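**Student:** One structure follows; several queries about it will come next.
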Amino acid sequence: MTLTISRLEAVRCVADSGSYAAAARQLGVSQPNVSKQIRTLESDYGIRLFRREGGRLVPTLLCLDLCNAAERMAEARGDAERMLRRRSSLARGEIAIGLGNAMPGMALVADFHRAYPGVEIRIETGSHEKITRAVLTHEVDIGVLPDVPPDRRFRRAGLARNAVVAIAPLGHPLAAGDSVSAEQLRREPLIFRARGSSTQRVVDRMFARTGEVPVPFLTLDARDGLYEAVVNGLGIGFLWRYGTSRADGVKRLPIDEMKAETDETAFSLAEARGDIVEAFFDTAQAFSNRAATGVA
């Protein structure tokens with residue numbers, strides 16, 4: 001006994017049309033072909049699929065159940081075909097991604113590249129303000145930033161929880177502790193990021209909540225420059241805890257008054273669609289699931 005997809009299709013078409021001839025036209029085969037498939041099924045399984053009423057073939061209850069199963073199989077086959085076509089379209093193409101922090105954005109990009117090596121990836125880096133503007137002006141397809149405010153223009157996918165920490169040179173007295181307070185920081189030469197930085201916005205809010213916002217000793221545009229300034233003993237800086245994979249020369253210090261965490265978020269314009277964008281958001285969801293369970 002062989003239950004093939006073509007036989008199930010024949011059953012479904014006869015049930016829908018009420019005749020072998022109409023089903024044959026629908027399937028693009030001969031009428032004897034269809035009637036033979038139905039008779040073979042009935043003979044092999046000792047069942048009855050149709051009865052005649054007024055010259056029309058009427059499905060039995062068993063036949064209707066079989067048609068429901070056939071429809072589910074057809075839907076599953078359609079899903080599989082769409083999956084294969086989508087994968088084929090992802091064998092080439094390109095995507096532009098804007099990163100505010102090197103991490104975890106770069107780890108997400110690496111996941112996407114491993115899954116879809118045929119897609120060309122262009123990466124823009126910059127401040128929170130620059131990357132948000134790049135998404136809004138279609139300069140990049142997707143941005144990855146912390147502390148993205150609610151905005152109905154954006155489609156979003158949370159990646160991981162993140163928080164701003166202070167960084168001190170390894171030989172600095174603060175580096176001997178496990179955390180630092182806002183008052184301790186005010187007594188130190190501080191290195192700030194320039195306007196437009198998400199890091200600096202969070203730091204400014206923290207200092208404003210706890211008293212005065214201090215005047216920095218040094219203000220730098222780039223995260224790498226700030227990191228190097230701290231390593232070389234020029235002062236205390238700030239960065240997102242997962243903003244870089246670098247760990248040399250500094251001690252990361254949680255700030256007592258900054259316990260709240262925020263989401264590192266992948267986001268695009270809400271109307272942005274297409275196989276590559278969808279695949280990136282699928283990758284982001286898988287990344288988020290691993291981050292939530294602590295799986296690297």
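Each chain in the structure tokens gets a letter, A, B and so on, in the order shown; residues start at 1 in every chain, and ligands are counted from 1 in the order they appear.
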Please identify all polymer residues within 6 Å of Arg193 of chain A, counting only C-alpha atoms, omitting same-chain residues fewer than 5 positions from it, and present them as a ChimeraX atom specification.

**Tutor:** /A:200,219-221

**Student:** If you count only C-alpha atoms, which residues fall within 7 Å of segment 97-105 of chain A, apart from same-chain ones fewer than 2 positions away, as a list of chain:residue names?

**Tutor:**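 Contacts, with the query itself left out: A:Ile95, A:Ala107, A:Leu108, A:Val109, A:Arg122, A:Ile123, A:Glu124, A:Thr125, A:Gly126, A:Ser127, A:His128, A:Ile131, A:Val140, A:Asp141, A:Ile142, A:Gly143, A:Val144, A:Leu145, A:Tyr242, A:Gly243, A:Thr244, A:Ser245.
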
**Student:** Just to be explicit: take each residue in the selection above, keep C-alpha atoms, and write the result as an mmCIF file, in the first residue's frame.

**Tutor:**
```cif
data_model
loop_
_atom_site.group_PDB
_atom_site.id
_atom_site.type_symbol
_atom_site.label_atom_id
_atom_site.label_comp_id
_atom_site.auth_asym_id
_atom_site.auth_seq_id
_atom_site.Cartn_x
_atom_site.Cartn_y
_atom_site.Cartn_z
ATOM 1 C CA ILE A 95 22.891 44.405 3.914
ATOM 2 C CA ALA A 107 29.024 38.953 17.493
ATOM 3 C CA LEU A 108 25.529 39.158 15.953
ATOM 4 C CA VAL A 109 27.020 40.096 12.572
ATOM 5 C CA ARG A 122 28.645 46.625 4.981
ATOM 6 C CA ILE A 123 29.187 47.996 8.482
ATOM 7 C CA GLU A 124 28.945 51.623 9.588
ATOM 8 C CA THR A 125 30.076 52.607 13.084
ATOM 9 C CA GLY A 126 29.357 55.757 15.036
ATOM 10 C CA SER A 127 27.514 57.414 17.872
ATOM 11 C CA HIS A 128 23.970 56.618 18.938
ATOM 12 C CA ILE A 131 23.386 55.348 13.699
ATOM 13 C CA VAL A 140 21.806 51.469 6.751
ATOM 14 C CA ASP A 141 19.179 48.718 6.782
ATOM 15 C CA ILE A 142 19.526 47.826 10.462
ATOM 16 C CA GLY A 143 21.045 49.517 13.499
ATOM 17 C CA VAL A 144 22.335 47.876 16.672
ATOM 18 C CA LEU A 145 22.357 50.207 19.685
ATOM 19 C CA TYR A 242 29.500 44.665 26.613
ATOM 20 C CA GLY A 243 30.553 47.529 24.332
ATOM 21 C CA THR A 244 33.915 45.966 23.480
ATOM 22 C CA SER A 245 35.624 42.610 23.879
#
```

**Student:** So, counting only C-alpha atoms, which residue among A:Gly211, A:Pro59, A:Pro216, A:Gly237 is closest to Glu183 of chain A?

**Tutor:**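 Closest to Glu183 of chain A, using only C-alpha atoms: A:Gly211.
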
**Student:** Among segment 54-201 of chain A, which ones does DSSP place in strand (DSSP E or B), written as a PyMOL selection string?

**Tutor:** chain A and resi 56-59+94-99+120-125+142-146+154-162+164-169+180+190-193

**Student:** Name the closest residue to Arg201 of chain A among the candidates A:Trp240, A:Phe287, A:Tyr227, A:Tyr45; distances are taken between atoms, counting only C-alpha atoms.

**Tutor:** A:Trp240

**Student:** What's the 10 Å shell around segment 13-24 of chain A, counting only C-alpha atoms, without same-chain residues fewer than 2 positions away, as a short mmCIF file (atom, residue, chain, number, x, y, z; two decimals) with C-alpha atoms, in the first residue's frame?

**Tutor:**
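Below you can see part-v7.cif, which holds the result:
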```
data_model
loop_
_atom_site.label_atom_id
_atom_site.label_comp_id
_atom_site.auth_asym_id
_atom_site.auth_seq_id
_atom_site.Cartn_x
_atom_site.Cartn_y
_atom_site.Cartn_z
CA ARG A 7 -2.94 10.34 -4.67
CA LEU A 8 -3.89 12.65 -1.82
CA GLU A 9 -4.04 15.55 -4.29
CA ALA A 10 -6.33 13.47 -6.52
CA VAL A 11 -8.64 12.78 -3.57
CA GLN A 26 -7.47 20.78 -12.39
CA LEU A 27 -4.49 18.42 -12.05
CA GLY A 28 -3.56 18.46 -15.75
CA VAL A 29 -3.84 14.67 -16.12
CA SER A 30 -6.31 12.27 -17.80
CA GLN A 31 -9.62 11.29 -16.27
CA PRO A 32 -8.67 7.55 -16.18
CA ASN A 33 -5.52 8.52 -14.26
CA VAL A 34 -7.57 10.18 -11.51
CA SER A 35 -10.22 7.48 -11.27
CA LYS A 36 -7.51 4.79 -11.12
CA ILE A 38 -9.01 6.76 -6.25
CA LEU A 49 -13.97 7.59 -0.28
CA PHE A 50 -16.94 8.75 -2.40
CA ARG A 52 -22.63 9.08 -6.00
CA GLU A 53 -25.53 11.44 -5.50
CA GLY A 55 -24.38 12.27 -10.81
CA ARG A 56 -21.94 13.95 -8.41
CA LEU A 57 -19.19 12.30 -6.33
CA VAL A 58 -19.79 13.20 -2.68
CA PRO A 59 -16.95 12.62 -0.17
CA THR A 60 -17.51 10.32 2.80
CA CYS A 63 -12.62 11.25 2.78
CA LEU A 64 -13.17 14.67 4.37
CA CYS A 67 -8.68 15.92 2.66
#
```

**Student:** Work out how far apart atom CA of Val202 of chain A and atom CA of Asn162 of chain A are and give it in Å to one decimal.

**Tutor:**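 Separation between atom CA of Val202 of chain A and atom CA of Asn162 of chain A: 11.7 Å.
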
**Student:** DSSP on the backbone: what in segment 115-258 of chain A comes out alpha helix (DSSP H), as an MDAnalysis selection string?

**Tutor:** chainID A and resid 115 128:136 182:186 198:210 223:231
